[in-house]
Amino acid sequence: MKIKLEKLLVESLTAQRKDTGKRKAKGFVVRLLFYLVVCDLAFVFLYPFITVIVDSLKTDSDIVNITVKWLPSSPEWNNYVVAWKRLKYLQYFTNSMLVCGFSTLGHVFACSFAGYAFARYNFRFKNILFGLVVLTMLVPAQVLIFPLYMQYSNWGWINTYLPLIVPTFFGFGLSGGFFIFLFRQFFAGLPYEMEEAARIDGCGAFKTFFRIMIPMAKSSVLVCCVLSIVWHWNDYFEPGVYVTNIDKMLLPSRLPVLYGLLNAEQFDTIHVNELDDIIFNEAMLMAATFLVILPILIIYSILQKKFMEGVERSGLTGI
Amino acid sequence: MKGRKLHMTINRRRGIEAFIFLFPWLIGICLFFIYPIFVSVRLSFSEITKFKGFIMEWVGLSNYNYIFLYDTKFVPTFLQVMADTLLNTPISLVFSLLIAILINRPMKARGFFRTVFFIPVLLGSGYVMKQLLGMGADTTSITQGIMVPEQMLDLLGPTFSPIVQSVLDRITIVFWKSGVQIVLFLAGLQGISSSLYEAAKVDGATQWEMFWKITLPLISPVILLNFVYTMVSFFTDSNNALVDYIVTQIFTNQQFEYGAAMSWVYFIFSFTICMVVIAILRKRTYNMGDRA
């Protein structure tokens, strides 16, 4: 009896071991496939980025040579020097930074306020007003730009950064409606207990908001910050309409200017400075493109860890 | 102060608080939304007779008539944009949820992959991407052969490979616009407590069942958010053919009145579609904080 039991035990154990061995092999194949799929997808997403970097290092002859796709014959770092000078980088960088910083601040304040009101309070016309929020997202910026231009020019705001910054402090501007929606979704997912406890302890509505809700909404604030910075930095449509003064232009608006140089340069015989001796080519345009998105990449790589941490700690669905 | 507080009912006080929280937005909507819309609507029914002082004359529906009766470009472009959006939105949502689930699993170099999937957003909406997409227009599409090497597609034979290729190209472009959606889904997935999965596992649920019974219902608010976001971003994209056409009419051809009328027709349709989608999805979403 005892021997039989032992035998059974050993048998079952070896069977299990065999099974785990098989499972391990199967697990390896599955994992390999998994990494292959993820790497392939990652490549698809990295592609535009790699293209910009690779193209920016090509020499004159590499551009026309179709056999040079991924590896420039010798990296032409001078492209970056030309692009830097052509962009007048520092001057326009400061302009862009100013607009980006203020408008992000505005978005975080105004949109978290409105989002909280929509998530937690019941008031008259709430559904209609929230419908209006969705409506503001839906109307393309291009549709309202003409009436807004008239309005801003009446106020004397043209060629200042006010049309880009002031609306964000009222929850408008670039994708303001989306950020309100984001905050509303986040606050709606939080349990009521925290606020009720605070209220019972005698904490006023605004104190509750700033001391309890905002710290809980850190992840949403960060998402809002990152997205607002990125979108404002990349936007060239609105700044292109409101800010036409060359010295006040924003960094991305310089790119179309450089793009114009691409075709005109060859026929240009007037030489103003030493830059005009260098023919502006596509590689330099790509270098300029990379320089334009570089600050965004740096900001994102700094914020990324916190951004992801915030994402890890509490998601949009709350607890 | 204290005496006044006592006279207020709780509902009234809550109402005032809500009003204060909404106050900046209420000012904003009047200044930066309702008034410009009012001007734009009036413009679409009028004709500018004098630019100095901006004097308009009421002409009724003639701008709108022109859209449907004379303009040969508007209706086809419009239908194309609608079809594209309705096709791209589900593709974008399904793939971004899939990618989010993939990179949410325990794996090596997780942080790296998470950054990678966000990179097109950084290059994003602006001039950079437009230029990259435009670059390929005259020669071969830059999306060609990214996802699956062309040599592999050739095995499918001459009839199928272009079809598969075009589908993959479309998916690639949709992918590049899905960075935000992926991040939002990741956030949602992180929010689901692992104890739910453990309990389900103990009860003998399979991965497949867990996806349908736990992941999907709990992530439904994020699906709603992403659905709205995706549709809106496709509708208002500045690379969108119709938006492009309208902007050209306004700024290049200086047809302000006609541009306004076109944008209203476009807007009303896209808004209706979005509202229908929200109404359908809202009934099916599940909020942890909701009180029945």
# chains A, B, ... in the order shown; residues from 1 in each chain; ligands from 1
$ residues_around --residues "Ala279 in chain B" --least-positions-apart "6" --cutoff "12 Å" --atoms "only C-alpha atoms" --output "CSV table (one decimal) with C-alpha atoms, in the first residue's frame"
chain,number,residue,atom,x,y,z
A,131,GLY,CA,-22.9,69.0,-24.5
B,224,LEU,CA,-15.9,56.3,-24.4
B,227,PHE,CA,-14.0,57.1,-29.0
B,228,VAL,CA,-14.8,60.7,-28.7
B,272,THR,CA,-24.8,64.5,-34.9
B,273,ILE,CA,-22.6,61.4,-35.5
B,285,THR,CA,-20.2,52.4,-19.7
$ residues_around --residues "Ile34 in chain B" --least-positions-apart "5" --cutoff "10 Å" --atoms "only C-alpha atoms" --output "list in words"
Leu132 and Thr136 of chain A; Gly28, Ile29, Val39 and Ser40 of chain B
$ write_last_selection --atoms "N, CA and C atoms" --output "compact mmCIF listing (two decimals), in the first residue's frame"
# COMPACT_ATOMS: atom_id res chain seq x y z
N LEU A 132 -22.14 71.30 -24.58
CA LEU A 132 -21.38 72.42 -25.15
C LEU A 132 -19.87 72.15 -25.09
N THR A 136 -17.40 72.22 -28.19
CA THR A 136 -16.19 73.02 -28.39
C THR A 136 -15.04 72.16 -28.92
N GLY B 28 -15.37 82.00 -20.72
CA GLY B 28 -14.68 81.57 -21.93
C GLY B 28 -15.63 81.21 -23.04
N ILE B 29 -16.69 80.50 -22.67
CA ILE B 29 -17.57 80.02 -23.74
C ILE B 29 -18.30 81.17 -24.41
N VAL B 39 -21.28 85.15 -35.00
CA VAL B 39 -20.78 85.91 -36.15
C VAL B 39 -20.68 85.00 -37.37
N SER B 40 -20.17 83.79 -37.12
CA SER B 40 -19.97 82.87 -38.22
C SER B 40 -21.28 82.43 -38.86
$ interface_residues --of "chain A" --to "chain B" --cutoff "7 Å" --atoms "only C-alpha atoms" --output "PyMOL selection string"
chain A and resi 40+42+44-46+110+113-114+117+121+123+137-140+142-144+147-148+167+170-172+188-192+230+234-236+289+293+296+311-312+314-319
$ write_last_selection --atoms "C-alpha atoms" --output "compact mmCIF listing (two decimals), in the first residue's frame"
# COMPACT_ATOMS: atom_id res chain seq x y z
CA ASP A 40 7.48 45.04 -35.14
CA ALA A 42 7.48 49.45 -32.11
CA VAL A 44 6.14 51.03 -37.09
CA PHE A 45 5.83 53.71 -34.44
CA LEU A 46 9.49 54.64 -34.49
CA ALA A 110 -9.30 76.08 -15.94
CA PHE A 113 -12.02 73.40 -12.37
CA ALA A 114 -14.61 72.82 -15.04
CA ALA A 117 -17.82 70.88 -11.54
CA TYR A 121 -22.08 68.90 -8.89
CA PHE A 123 -26.89 72.04 -11.42
CA MET A 137 -14.02 70.00 -29.09
CA LEU A 138 -15.86 69.22 -32.26
CA VAL A 139 -15.66 72.60 -33.92
CA PRO A 140 -12.42 72.66 -35.89
CA GLN A 142 -10.27 76.46 -38.77
CA VAL A 143 -14.00 77.16 -38.68
CA LEU A 144 -13.94 79.84 -36.01
CA PRO A 147 -14.57 85.56 -36.55
CA LEU A 148 -11.97 85.17 -33.81
CA PRO A 167 -8.27 81.46 -24.02
CA PHE A 170 -10.85 80.03 -19.62
CA GLY A 171 -10.67 76.39 -20.61
CA PHE A 172 -10.49 77.09 -24.33
CA ALA A 188 -16.26 60.86 -12.00
CA GLY A 189 -14.31 57.65 -11.40
CA LEU A 190 -13.23 58.63 -7.88
CA PRO A 191 -15.26 57.47 -4.88
CA TYR A 192 -17.24 60.12 -2.99
CA VAL A 230 3.20 68.82 -26.93
CA ASN A 234 3.51 71.45 -32.56
CA ASP A 235 0.64 73.72 -33.48
CA TYR A 236 1.45 75.99 -36.37
CA THR A 289 12.78 69.48 -38.10
CA ILE A 293 11.01 68.70 -31.92
CA ILE A 296 9.63 68.27 -26.79
CA VAL A 311 -0.32 56.35 -14.90
CA GLU A 312 0.74 53.36 -12.79
CA SER A 314 -4.02 55.69 -10.53
CA GLY A 315 -5.55 55.29 -13.91
CA LEU A 316 -8.42 57.11 -15.50
CA THR A 317 -10.86 54.59 -14.13
CA GLY A 318 -9.81 55.48 -10.58
CA ILE A 319 -9.56 52.83 -7.92
$ residues_around --residues "range 84-87 of chain A" --least-positions-apart "5" --cutoff "10 Å" --atoms "only C-alpha atoms" --output "PyMOL selection string"
chain A and resi 78-79+92-93+251-255+257-258+275-276+280+284-285+287-289+291-292
$ atom_distance --atom1 "CA of Leu97 in chain B" --atom2 "CA of Gln181 in chain B"
7.9 Å
$ atom_distance --atom1 "CA of Leu250 in chain A" --atom2 "CA of Asn95 in chain A"
5.7 Å
$ residues_around --residues "Tyr242 in chain A" --least-positions-apart "3" --cutoff "6 Å" --atoms "only C-alpha atoms" --output "PyMOL selection string"
chain A and resi 158-159+239
$ residues_around --residues "Phe187 in chain A" --least-positions-apart "2" --cutoff "8 Å" --atoms "only C-alpha atoms" --output "ChimeraX atom specification"
/A:115-116,119-120,183-185,189-190,217
$ residues_around --residues "Thr59 in chain A" --least-positions-apart "4" --cutoff "8 Å" --atoms "only C-alpha atoms" --output "PyMOL selection string"
chain A and resi 63+72-76+283
$ decode --residues "range 204-224 of chain B" --atoms "C-alpha atoms" --output "CSV table (one decimal), in the first residue's frame"
chain,number,residue,atom,x,y,z
B,204,GLY,CA,-11.1,29.0,-12.9
B,205,ALA,CA,-11.7,31.8,-15.4
B,206,THR,CA,-9.6,31.7,-18.6
B,207,GLN,CA,-7.7,34.7,-19.9
B,208,TRP,CA,-10.3,35.1,-22.6
B,209,GLU,CA,-13.2,35.2,-20.1
B,210,MET,CA,-11.3,37.6,-17.9
B,211,PHE,CA,-10.9,40.0,-20.8
B,212,TRP,CA,-14.6,40.1,-21.6
B,213,LYS,CA,-15.9,40.0,-18.0
B,214,ILE,CA,-13.3,42.1,-16.2
B,215,THR,CA,-11.1,44.2,-18.5
B,216,LEU,CA,-13.7,45.4,-20.9
B,217,PRO,CA,-16.4,46.5,-18.5
B,218,LEU,CA,-14.0,48.3,-16.3
B,219,ILE,CA,-12.2,50.0,-19.1
B,220,SER,CA,-15.5,51.1,-20.7
B,221,PRO,CA,-15.2,54.8,-19.5
B,222,VAL,CA,-11.8,55.0,-21.2
B,223,ILE,CA,-13.3,53.5,-24.4
B,224,LEU,CA,-15.9,56.3,-24.4
